[in-house]
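Source file work35.csv; content: CSV, C-alpha atoms and all ligand atoms.
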chain,number,residue,atom,x,y,z
S,1,MET,CA,19.6,3.7,7.8
S,2,LYS,CA,15.8,3.8,8.1
S,3,THR,CA,13.2,6.4,8.2
S,4,PHE,CA,11.2,5.0,11.1
S,5,MET,CA,8.0,4.8,9.2
S,6,SER,CA,6.2,2.8,11.8
S,7,THR,CA,3.9,-0.2,11.1
S,8,ARG,CA,0.3,-0.2,12.0
S,9,THR,CA,-0.7,-2.2,15.1
S,10,GLN,CA,-2.9,-4.5,13.0
S,11,ASP,CA,0.0,-5.3,10.7
S,12,LEU,CA,2.2,-6.3,13.6
S,13,ALA,CA,-0.6,-8.6,14.8
S,14,GLU,CA,-0.3,-10.6,11.6
S,15,LEU,CA,3.3,-11.6,12.4
S,16,SER,CA,4.4,-13.9,15.2
S,17,PHE,CA,7.4,-13.1,17.4
S,18,PRO,CA,8.9,-16.2,19.1
S,19,HIS,CA,11.2,-14.1,21.4
S,20,ALA,CA,9.4,-11.5,23.6
S,21,ALA,CA,12.6,-9.6,24.5
S,22,PRO,CA,16.1,-9.0,23.0
S,23,PRO,CA,19.4,-10.0,24.5
S,24,ALA,CA,20.9,-7.6,27.0
S,25,PRO,CA,24.0,-5.7,25.9
S,26,GLY,CA,27.1,-7.9,25.8
S,27,THR,CA,25.0,-11.2,26.0
S,28,VAL,CA,23.6,-13.6,23.5
S,29,THR,CA,20.2,-15.3,23.0
S,30,VAL,CA,20.0,-18.7,21.2
S,31,VAL,CA,17.5,-18.4,18.3
S,32,ALA,CA,18.3,-21.9,16.9
S,33,PRO,CA,20.9,-24.5,17.6
S,34,GLY,CA,24.3,-22.9,16.9
S,35,LEU,CA,22.7,-19.5,16.0
S,36,ASN,CA,23.1,-16.8,18.5
S,37,TRP,CA,21.6,-13.3,18.6
S,38,LEU,CA,23.3,-10.2,20.0
S,39,ARG,CA,22.6,-6.5,20.0
S,40,MET,CA,24.8,-3.4,19.7
S,41,PRO,CA,23.6,0.1,20.5
S,42,LEU,CA,23.2,2.9,18.0
S,43,PRO,CA,23.2,6.6,19.0
S,44,PHE,CA,20.2,7.4,16.8
S,45,ALA,CA,16.4,7.3,17.1
S,46,LEU,CA,16.9,3.8,15.8
S,47,ASP,CA,18.7,2.6,19.0
S,48,HIS,CA,20.1,-0.8,18.2
S,49,ILE,CA,21.3,-3.3,15.5
S,50,ASN,CA,21.0,-7.1,15.8
S,51,LEU,CA,24.0,-9.2,14.9
S,52,TRP,CA,24.4,-12.9,14.6
S,53,LEU,CA,27.0,-15.5,15.7
S,54,LEU,CA,26.9,-18.8,13.8
S,55,ASP,CA,28.6,-21.9,15.3
S,56,GLU,CA,30.8,-23.7,12.7
S,57,GLY,CA,31.8,-26.5,15.1
S,58,ASP,CA,35.4,-25.4,15.2
S,59,GLY,CA,34.8,-21.7,15.2
S,60,TRP,CA,32.3,-18.9,14.5
S,61,THR,CA,31.0,-16.8,11.7
S,62,ILE,CA,29.9,-13.3,12.6
S,63,VAL,CA,27.2,-11.6,10.6
S,64,ASP,CA,27.4,-7.8,10.6
S,65,SER,CA,29.6,-5.7,12.8
S,66,GLY,CA,28.0,-2.6,14.5
S,67,LEU,CA,28.8,1.1,14.3
S,68,GLU,CA,32.4,2.2,14.9
S,69,THR,CA,32.2,3.4,18.5
S,70,ASP,CA,34.2,2.7,21.7
S,71,GLU,CA,31.0,1.3,23.3
S,72,THR,CA,30.5,-1.2,20.5
S,73,LYS,CA,34.1,-2.3,20.7
S,74,ALA,CA,33.9,-2.8,24.4
S,75,LEU,CA,30.8,-5.0,24.0
S,76,TRP,CA,32.5,-7.0,21.3
S,77,HIS,CA,35.3,-7.7,23.9
S,78,GLN,CA,32.7,-8.9,26.3
S,79,ILE,CA,31.3,-11.3,23.7
S,80,PHE,CA,34.8,-12.6,22.9
S,81,GLY,CA,35.4,-13.1,26.6
S,82,HIS,CA,32.4,-15.3,27.3
S,83,ALA,CA,30.2,-16.2,24.3
S,84,LEU,CA,32.6,-18.1,22.0
S,85,ASP,CA,33.3,-21.2,24.0
S,86,GLY,CA,37.0,-20.7,23.5
S,87,LYS,CA,36.7,-21.2,19.8
S,88,PRO,CA,38.1,-18.7,17.2
S,89,VAL,CA,36.1,-16.5,14.9
S,90,LYS,CA,36.7,-17.6,11.3
S,91,ARG,CA,35.0,-15.0,9.2
S,92,LEU,CA,32.9,-11.9,9.1
S,93,VAL,CA,29.9,-11.7,6.7
S,94,VAL,CA,28.5,-8.2,6.1
S,95,THR,CA,25.0,-7.8,4.6
S,96,HIS,CA,25.5,-4.3,3.2
S,97,PHE,CA,27.7,-1.2,3.3
S,98,HIS,CA,25.6,0.9,5.8
S,99,PRO,CA,27.7,2.0,8.8
S,100,ASP,CA,25.8,0.1,11.4
S,101,HIS,CA,26.6,-3.1,9.4
S,102,MET,CA,30.0,-2.4,7.9
S,103,GLY,CA,31.2,0.0,10.7
S,104,LEU,CA,33.5,-2.3,12.6
S,105,ALA,CA,34.4,-4.6,9.7
S,106,GLY,CA,37.9,-3.2,9.5
S,107,TRP,CA,38.4,-3.4,13.2
S,108,LEU,CA,37.0,-6.9,13.5
S,109,THR,CA,38.9,-8.4,10.6
S,110,GLU,CA,42.1,-6.7,11.7
S,111,THR,CA,41.7,-7.7,15.4
S,112,LEU,CA,40.7,-11.2,14.7
S,113,GLN,CA,42.7,-11.7,11.5
S,114,VAL,CA,39.7,-13.0,9.6
S,115,PRO,CA,38.4,-12.4,6.1
S,116,LEU,CA,35.5,-10.1,5.2
S,117,TRP,CA,32.7,-11.7,3.1
S,118,CYS,CA,30.3,-9.4,1.3
S,119,THR,CA,29.0,-8.6,-2.2
S,120,GLN,CA,31.2,-6.7,-4.6
S,121,THR,CA,29.0,-3.6,-4.8
S,122,GLU,CA,28.7,-3.3,-1.0
S,123,TRP,CA,32.4,-3.6,-0.6
S,124,LEU,CA,33.0,-1.0,-3.4
S,125,TYR,CA,30.5,1.5,-1.9
S,126,ALA,CA,32.1,1.1,1.6
S,127,ARG,CA,35.6,1.6,0.2
S,128,MET,CA,34.5,4.6,-2.0
S,129,LEU,CA,32.5,6.4,0.7
S,130,SER,CA,35.0,5.8,3.5
S,131,LEU,CA,37.8,7.3,1.4
S,132,ASP,CA,36.1,10.4,0.0
S,133,SER,CA,36.9,13.6,2.0
S,134,THR,CA,36.8,16.0,-0.9
S,135,ASP,CA,35.1,19.3,-1.1
S,136,ALA,CA,33.5,18.1,-4.3
S,137,PHE,CA,31.6,15.5,-2.3
S,138,VAL,CA,30.0,18.2,-0.3
S,139,LYS,CA,29.4,20.4,-3.4
S,140,ASN,CA,27.6,17.5,-5.1
S,141,SER,CA,25.4,17.1,-2.1
S,142,LEU,CA,24.6,20.8,-2.0
S,143,ASP,CA,23.6,20.8,-5.7
S,144,PHE,CA,21.4,17.7,-5.1
S,145,TYR,CA,19.6,19.3,-2.2
S,146,TRP,CA,19.3,22.6,-4.0
S,147,ARG,CA,17.0,20.9,-6.5
S,148,THR,CA,14.7,19.8,-3.7
S,149,GLY,CA,13.9,23.4,-2.8
S,150,MET,CA,14.9,23.0,0.8
S,151,ASP,CA,15.9,26.2,2.7
S,152,ASN,CA,19.6,27.2,2.9
S,153,ALA,CA,19.8,26.6,6.7
S,154,THR,CA,18.9,22.9,6.2
S,155,ARG,CA,21.3,22.6,3.2
S,156,GLU,CA,24.1,24.1,5.4
S,157,ILE,CA,23.4,21.5,8.1
S,158,PHE,CA,24.0,18.8,5.4
S,159,ALA,CA,27.1,20.6,4.1
S,160,GLY,CA,28.5,21.0,7.6
S,161,ARG,CA,28.3,17.2,8.2
S,162,GLY,CA,30.7,16.7,5.3
S,163,ASN,CA,30.8,13.0,4.5
S,164,PRO,CA,29.2,11.4,7.6
S,165,TYR,CA,29.9,7.9,6.5
S,166,ARG,CA,33.7,8.3,7.0
S,167,LYS,CA,33.2,9.1,10.7
S,168,ARG,CA,31.2,6.0,11.4
S,169,VAL,CA,33.3,3.2,10.0
S,170,SER,CA,36.8,1.9,10.8
S,171,PRO,CA,39.1,1.6,7.7
S,172,VAL,CA,37.3,-0.8,5.3
S,173,PRO,CA,39.4,-3.8,4.5
S,174,HIS,CA,41.5,-3.7,1.4
S,175,ARG,CA,40.4,-7.1,0.3
S,176,TYR,CA,37.2,-9.2,0.6
S,177,ARG,CA,35.7,-12.5,-0.5
S,178,ARG,CA,32.8,-12.0,-2.9
S,179,LEU,CA,29.3,-13.2,-2.2
S,180,SER,CA,27.2,-13.6,-5.3
S,181,ASP,CA,23.4,-14.0,-5.9
S,182,ARG,CA,22.2,-17.6,-5.4
S,183,GLU,CA,25.6,-18.8,-4.3
S,184,THR,CA,25.5,-21.4,-1.5
S,185,PHE,CA,28.2,-21.9,1.1
S,186,ALA,CA,28.6,-23.9,4.3
S,187,ILE,CA,28.5,-22.5,7.7
S,188,GLY,CA,29.4,-25.5,9.9
S,189,ARG,CA,27.0,-28.3,9.0
S,190,HIS,CA,24.5,-26.1,7.2
S,191,GLU,CA,24.2,-24.7,3.7
S,192,TRP,CA,23.2,-21.1,3.4
S,193,ARG,CA,22.1,-19.4,0.1
S,194,VAL,CA,22.7,-15.8,-0.8
S,195,VAL,CA,19.6,-13.9,-1.9
S,196,ILE,CA,20.4,-10.4,-3.2
S,197,GLY,CA,18.0,-7.6,-2.4
S,198,ARG,CA,18.1,-4.1,-3.9
S,199,GLY,CA,16.7,-0.7,-3.3
S,200,HIS,CA,17.7,-0.3,0.4
S,201,ALA,CA,21.3,-0.8,-0.6
S,202,PRO,CA,22.8,-1.6,-4.0
S,203,GLU,CA,23.6,-5.3,-3.6
S,204,HIS,CA,22.3,-6.3,-0.1
S,205,ALA,CA,23.0,-10.0,0.8
S,206,CYS,CA,20.3,-11.9,2.6
S,207,LEU,CA,21.1,-15.4,3.7
S,208,TYR,CA,18.7,-18.3,3.7
S,209,CYS,CA,19.2,-21.9,5.2
S,210,VAL,CA,16.6,-24.4,3.8
S,211,GLU,CA,17.5,-26.9,6.5
S,212,LEU,CA,16.9,-24.5,9.4
S,213,ASP,CA,14.3,-22.6,7.5
S,214,ILE,CA,15.9,-19.4,8.7
S,215,MET,CA,16.5,-16.1,6.8
S,216,ILE,CA,19.1,-13.6,7.9
S,217,ALA,CA,17.3,-10.5,6.5
S,218,GLY,CA,19.7,-7.6,7.2
S,219,ASP,CA,17.7,-4.5,6.5
S,220,GLN,CA,15.8,-5.8,3.4
S,221,VAL,CA,12.7,-6.7,5.4
S,222,LEU,CA,12.1,-5.4,8.9
S,223,PRO,CA,9.1,-6.2,11.1
S,224,LYS,CA,8.3,-2.9,12.6
S,225,ILE,CA,9.6,-0.2,10.4
S,226,SER,CA,9.8,0.2,6.7
S,227,PRO,CA,13.4,-0.1,5.4
S,228,ASN,CA,14.6,3.2,4.0
S,229,VAL,CA,14.5,3.4,0.3
S,230,SER,CA,16.1,6.7,-0.8
S,231,LEU,CA,17.5,8.6,-3.7
S,232,TRP,CA,21.0,9.9,-2.9
S,233,ALA,CA,23.2,12.6,-4.3
S,234,ASN,CA,25.5,10.2,-6.1
S,235,GLU,CA,22.7,8.8,-8.3
S,236,PRO,CA,20.1,11.6,-8.6
S,237,GLU,CA,18.2,9.9,-11.5
S,238,GLY,CA,18.1,6.5,-9.8
S,239,GLU,CA,15.0,4.4,-9.2
S,240,PRO,CA,15.5,2.6,-5.9
S,241,LEU,CA,11.8,2.1,-5.2
S,242,ALA,CA,11.3,0.1,-8.4
S,243,LEU,CA,14.4,-2.0,-7.4
S,244,TYR,CA,13.1,-2.5,-3.9
S,245,LEU,CA,9.6,-3.6,-4.9
S,246,ALA,CA,11.0,-6.0,-7.4
S,247,SER,CA,13.3,-7.4,-4.7
S,248,LEU,CA,10.3,-7.9,-2.4
S,249,ALA,CA,8.5,-9.9,-5.1
S,250,ALA,CA,11.7,-12.0,-5.7
S,251,LEU,CA,12.1,-12.7,-1.9
S,252,LYS,CA,8.5,-13.9,-1.8
S,253,ARG,CA,9.3,-16.4,-4.5
S,254,GLU,CA,12.6,-17.6,-3.1
S,255,ILE,CA,11.9,-17.9,0.7
S,256,PRO,CA,8.9,-19.6,2.2
S,257,GLU,CA,6.3,-18.0,4.5
S,258,SER,CA,7.3,-20.4,7.2
S,259,ALA,CA,10.9,-19.1,7.6
S,260,LEU,CA,12.0,-17.6,10.8
S,261,VAL,CA,13.2,-14.1,9.8
S,262,LEU,CA,16.2,-12.6,11.6
S,263,PRO,CA,16.0,-8.8,10.9
S,264,SER,CA,18.8,-6.3,11.8
S,265,HIS,CA,16.3,-4.1,13.7
S,266,GLY,CA,13.4,-5.3,15.9
S,267,LEU,CA,12.6,-8.9,16.9
S,268,PRO,CA,12.9,-12.2,15.0
S,269,PHE,CA,9.5,-13.0,13.4
S,270,ARG,CA,7.5,-15.4,11.3
S,271,GLY,CA,5.2,-14.2,8.5
S,272,LEU,CA,7.6,-13.1,5.8
S,273,HIS,CA,5.1,-13.1,3.0
S,274,ARG,CA,2.5,-11.2,5.0
S,275,ARG,CA,5.2,-8.6,5.9
S,276,ILE,CA,6.2,-8.3,2.3
S,277,ASP,CA,2.6,-7.7,1.3
S,278,GLN,CA,2.3,-5.1,4.1
S,279,LEU,CA,5.5,-3.3,2.9
S,280,ALA,CA,4.3,-3.3,-0.7
S,281,ARG,CA,0.9,-1.9,0.4
S,282,HIS,CA,2.7,0.7,2.5
S,283,HIS,CA,4.6,2.0,-0.5
S,284,GLU,CA,1.5,2.0,-2.7
S,285,ALA,CA,-0.4,4.1,-0.1
S,286,ARG,CA,2.6,6.5,0.1
S,287,LEU,CA,2.6,6.9,-3.7
S,288,ALA,CA,-1.1,7.7,-3.7
S,289,GLU,CA,-0.7,10.3,-1.0
S,290,LEU,CA,2.1,12.0,-2.9
S,291,GLU,CA,0.1,12.0,-6.1
S,292,ALA,CA,-2.9,13.6,-4.3
S,293,ALA,CA,-0.6,16.2,-2.8
S,294,CYS,CA,0.7,17.3,-6.2
S,295,ALA,CA,-2.5,18.6,-7.8
S,296,GLU,CA,-0.4,21.8,-8.2
S,297,PRO,CA,3.3,21.7,-8.8
S,298,ARG,CA,5.2,21.2,-5.6
S,299,THR,CA,8.8,21.0,-4.6
S,300,CYS,CA,10.2,18.0,-2.7
S,301,ALA,CA,10.7,20.2,0.3
S,302,GLU,CA,7.0,21.1,0.3
S,303,ILE,CA,6.1,17.4,0.0
S,304,VAL,CA,8.3,16.0,2.8
S,305,PRO,CA,5.8,17.0,5.5
S,306,VAL,CA,3.1,15.0,3.7
S,307,LEU,CA,5.0,11.8,4.2
S,308,PHE,CA,6.6,12.7,7.5
S,309,ARG,CA,4.2,14.4,9.8
S,310,ARG,CA,6.4,14.5,12.9
S,311,GLN,CA,9.4,16.7,13.7
S,312,LEU,CA,12.6,15.3,12.2
S,313,ASP,CA,16.2,15.8,13.4
S,314,ALA,CA,18.9,16.5,10.8
S,315,HIS,CA,19.9,12.8,10.7
S,316,GLN,CA,16.3,11.8,9.9
S,317,MET,CA,15.8,14.7,7.5
S,318,GLY,CA,18.4,13.3,5.1
S,319,PHE,CA,16.5,10.0,5.0
S,320,ALA,CA,13.1,11.7,4.7
S,321,VAL,CA,14.1,13.8,1.7
S,322,GLY,CA,15.8,10.8,0.1
S,323,GLU,CA,12.7,8.6,0.7
S,324,THR,CA,10.3,11.3,-0.7
S,325,LEU,CA,12.4,11.7,-3.8
S,326,ALA,CA,12.5,7.9,-4.3
S,327,HIS,CA,8.7,7.9,-4.3
S,328,LEU,CA,8.4,10.9,-6.6
S,329,GLN,CA,10.9,9.4,-9.0
S,330,HIS,CA,8.9,6.2,-9.1
S,331,LEU,CA,5.6,8.0,-9.8
S,332,VAL,CA,7.4,9.7,-12.7
S,333,THR,CA,8.5,6.3,-14.0
S,334,LEU,CA,5.0,5.0,-13.7
S,335,GLY,CA,3.7,8.0,-15.7
S,336,ARG,CA,1.6,9.2,-12.8
S,337,MET,CA,3.7,12.4,-12.2
S,338,SER,CA,5.6,14.9,-14.3
S,339,ARG,CA,8.8,16.6,-13.1
S,340,GLY,CA,9.3,20.2,-14.1
S,341,GLU,CA,12.3,22.6,-13.5
S,342,ARG,CA,12.0,26.1,-12.2
S,343,ALA,CA,14.2,28.9,-13.5
S,344,ASP,CA,16.4,28.5,-10.4
S,345,GLY,CA,16.9,24.8,-11.1
S,346,VAL,CA,14.6,23.5,-8.3
S,347,TYR,CA,12.4,20.5,-9.5
S,348,THR,CA,8.7,20.6,-9.1
S,349,TYR,CA,6.3,17.6,-9.3
S,350,ARG,CA,2.7,17.5,-10.5
S,351,GLN,CA,0.3,14.7,-10.9
S,352,ILE,CA,-0.7,13.8,-14.5
T,1,ZN,ZN,20.8,-0.5,6.0
Give the structure from this file in structure tokens form.
Ligand SMILES: [Zn+2]
Amino acid sequence: MKTFMSTRTQDLAELSFPHAAPPAPGTVTVVAPGLNWLRMPLPFALDHINLWLLDEGDGWTIVDSGLETDETKALWHQIFGHALDGKPVKRLVVTHFHPDHMGLAGWLTETLQVPLWCTQTEWLYARMLSLDSTDAFVKNSLDFYWRTGMDNATREIFAGRGNPYRKRVSPVPHRYRRLSDRETFAIGRHEWRVVIGRGHAPEHACLYCVELDIMIAGDQVLPKISPNVSLWANEPEGEPLALYLASLAALKREIPESALVLPSHGLPFRGLHRRIDQLARHHEARLAELEAACAEPRTCAEIVPVLFRRQLDAHQMGFAVGETLAHLQHLVTLGRMSRGERADGVYTYRQI
């Protein structure tokens, strides 16, 4: 779930990428001894997700699972057939609830008879969203998007999708093993520490191994695009951007610049602190742009084209609106913007 806000060429030049190309579908690339990289396709503008296989000596840990599609399942069978050296999978770790990460958790844990490890909030979100097929879910979304001032045709597209999460995940396991912030656990001979990130997802687990100096970043930090930070209909007064920026600062304290970062999208890279600084600057620039655009009261729908200048499909529009709202909400928190309400209930934003 990202909005494809691309990174400037000079920003990419500040990072180093030890692997020039990703593994082909159904194959693995070794990024460190006992740590293999594979890719699964995604049928969106964002066309892939990176997953990780960690050798435990007598078995494997899988990190993240891919979207629930027949194509991804077939690729998993290829991996099982030739990339596991005849050893069993012992557990599945999922970084966060988004469908490209949690999508096949139910299928993998059932097929392989292994436990799911993830944080409590991510498991609860996955369970909750995968089970909600009520009309009230759609009505709540329609109310939320009404306040943005978007036209009825666009709102109807959102309503027509119902709850899209349900369609992209296999049944989420009924039980899980909890990962907690700062907990360490062994994967084979190495200790890995859980570092929680917020703002992109509620309790996103990153993993860091001191010995290998490797970070499995999930979507918390990505090299080429800015992770989506959005307001959603279930928490319309939330402040995800404040949470995200605080998490970036914490990651910088907890994980060294030298770490090899394994992101869920794009290529493995070095330059974590530089990337964190770039992301923080990116959001500050967006905040300033929005502030300047609201000299007069504006609705969210009027402001979306300021942040997103290209044509967006329906899938991207949901993220674009959510991301714009997250920035507007943060400006309100900072006292740089005020939020008003028109007689019809639509919110307007004006710089202070
Ligand atoms: Zn995500």
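For the choices S:Val114, S:Ile49, S:Leu251, S:Cys209, the atom-to-atom distance to Ser65 in chain S is smallest for S:Ile49 when using only C-alpha atoms.
Candidate residues S:Leu179, S:Arg147, S:Ala249, S:Ala285 were compared for distance to Tyr349 in chain S, and the nearest is S:Arg147, using only C-alpha atoms.
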Practice item. Identify, counting only C-alpha atoms and all ligand atoms, the protein, DNA and RNA residues located within 10 Å of ligand ZN 1 (chain T), and give them as a ChimeraX atom specification. Key: /S:1-2,49,95-102,200-201,204,218-220,227-229,264-265
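Picture a line from CA of Glu323 in chain S to CA of Pro173 in chain S; it runs 29.7 Å.
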Would you list the contacts of Ala20 in chain S as a PDB file with C-alpha atoms, in the coordinates of the input, taking every protein, DNA or RNA residue within 12 Å and counting all atoms listed in the file, but skipping same-chain residues closer than 6 positions in sequence?
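out.pdb, written as the output of this step:
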ATOM      1  CA  THR S  29      20.200 -15.300  23.000  1.00  0.00           C
ATOM      2  CA  VAL S  31      17.500 -18.400  18.300  1.00  0.00           C
ATOM      3  CA  GLY S 266      13.400  -5.300  15.900  1.00  0.00           C
ATOM      4  CA  LEU S 267      12.600  -8.900  16.900  1.00  0.00           C
ATOM      5  CA  PRO S 268      12.900 -12.200  15.000  1.00  0.00           C
ATOM      6  CA  PHE S 269       9.500 -13.000  13.400  1.00  0.00           C
TER       7      PHE S 269
END
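Nearest residue to Thr111 in chain S among S:Lys90, S:Tyr125, S:Val261, S:Glu284 is S:Lys90, counting all atoms listed in the file.
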| query | Using all atoms listed in the file, can you list as a ChimeraX atom specification the residues within 12 Å of (-0.6, 12.3, -5.3)? | reply | /S:284-298,303,306-307,324,327-328,330-332,336-338,349-352
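Rounded to one decimal, CA of Gly322 in chain S and CA of Leu104 in chain S lie 25.3 Å from each other.
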Between S:Leu245, S:Leu231, S:Thr348, S:His283, smallest distance to Leu325 in chain S by only C-alpha atoms belongs to S:Leu231
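Here CA of Trp146 in chain S and CA of Val346 in chain S stand 6.4 Å from one another.
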Problem set entry | Distance query Ala314 in chain S at most 8 Å, all atoms listed in the file, self and fewer than 3 positions along chain excluded, as a list of chain:residue names | S:Thr154, S:Ile157, S:Phe158, S:Met317, S:Gly318
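You can rank S:Ser180, S:Thr148, S:Leu42, S:Leu222 by their closest distance to Gly340 in chain S using all atoms listed in the file, and at the top of that list sits S:Thr148.
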Using the incomplete input, complete range 227-240 of chain S to the level of N, CA, C and O atoms; output as a tab-separated table (two decimals), keeping the file's coordinate frame.
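Once written, out08.tsv looks like this:
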chain	number	residue	atom	x	y	z
S	227	PRO	N	11.98	-0.41	5.74
S	227	PRO	CA	13.40	-0.10	5.40
S	227	PRO	C	13.48	1.14	4.52
S	227	PRO	O	12.66	1.34	3.63
S	228	ASN	N	14.46	1.96	4.81
S	228	ASN	CA	14.60	3.20	4.00
S	228	ASN	C	14.95	2.88	2.58
S	228	ASN	O	15.84	2.08	2.29
S	229	VAL	N	14.22	3.53	1.69
S	229	VAL	CA	14.50	3.40	0.30
S	229	VAL	C	14.64	4.86	-0.23
S	229	VAL	O	13.66	5.60	-0.28
S	230	SER	N	15.86	5.26	-0.53
S	230	SER	CA	16.10	6.70	-0.80
S	230	SER	C	16.92	6.91	-2.06
S	230	SER	O	17.72	6.08	-2.48
S	231	LEU	N	16.66	8.11	-2.61
S	231	LEU	CA	17.50	8.60	-3.70
S	231	LEU	C	18.64	9.39	-2.97
S	231	LEU	O	18.40	10.12	-1.99
S	232	TRP	N	19.88	9.21	-3.46
S	232	TRP	CA	21.00	9.90	-2.90
S	232	TRP	C	21.74	10.73	-3.91
S	232	TRP	O	21.55	10.54	-5.12
S	233	ALA	N	22.60	11.62	-3.44
S	233	ALA	CA	23.20	12.60	-4.30
S	233	ALA	C	24.13	11.97	-5.38
S	233	ALA	O	24.37	12.58	-6.42
S	234	ASN	N	24.63	10.76	-5.12
S	234	ASN	CA	25.50	10.20	-6.10
S	234	ASN	C	24.81	9.57	-7.30
S	234	ASN	O	25.42	9.31	-8.32
S	235	GLU	N	23.48	9.36	-7.18
S	235	GLU	CA	22.70	8.80	-8.30
S	235	GLU	C	21.34	9.52	-8.36
S	235	GLU	O	20.32	8.88	-8.07
S	236	PRO	N	21.33	10.81	-8.73
S	236	PRO	CA	20.10	11.60	-8.60
S	236	PRO	C	18.96	11.12	-9.52
S	236	PRO	O	17.81	11.43	-9.27
S	237	GLU	N	19.28	10.37	-10.57
S	237	GLU	CA	18.20	9.90	-11.50
S	237	GLU	C	17.93	8.38	-11.21
S	237	GLU	O	17.35	7.71	-12.06
S	238	GLY	N	18.36	7.87	-10.09
S	238	GLY	CA	18.10	6.50	-9.80
S	238	GLY	C	16.67	6.14	-9.56
S	238	GLY	O	15.83	7.04	-9.44
S	239	GLU	N	16.35	4.83	-9.47
S	239	GLU	CA	15.00	4.40	-9.20
S	239	GLU	C	14.95	3.30	-8.16
S	239	GLU	O	14.57	2.16	-8.42
S	240	PRO	N	15.39	3.65	-6.94
S	240	PRO	CA	15.50	2.60	-5.90
S	240	PRO	C	14.21	1.97	-5.51
S	240	PRO	O	14.20	0.80	-5.12
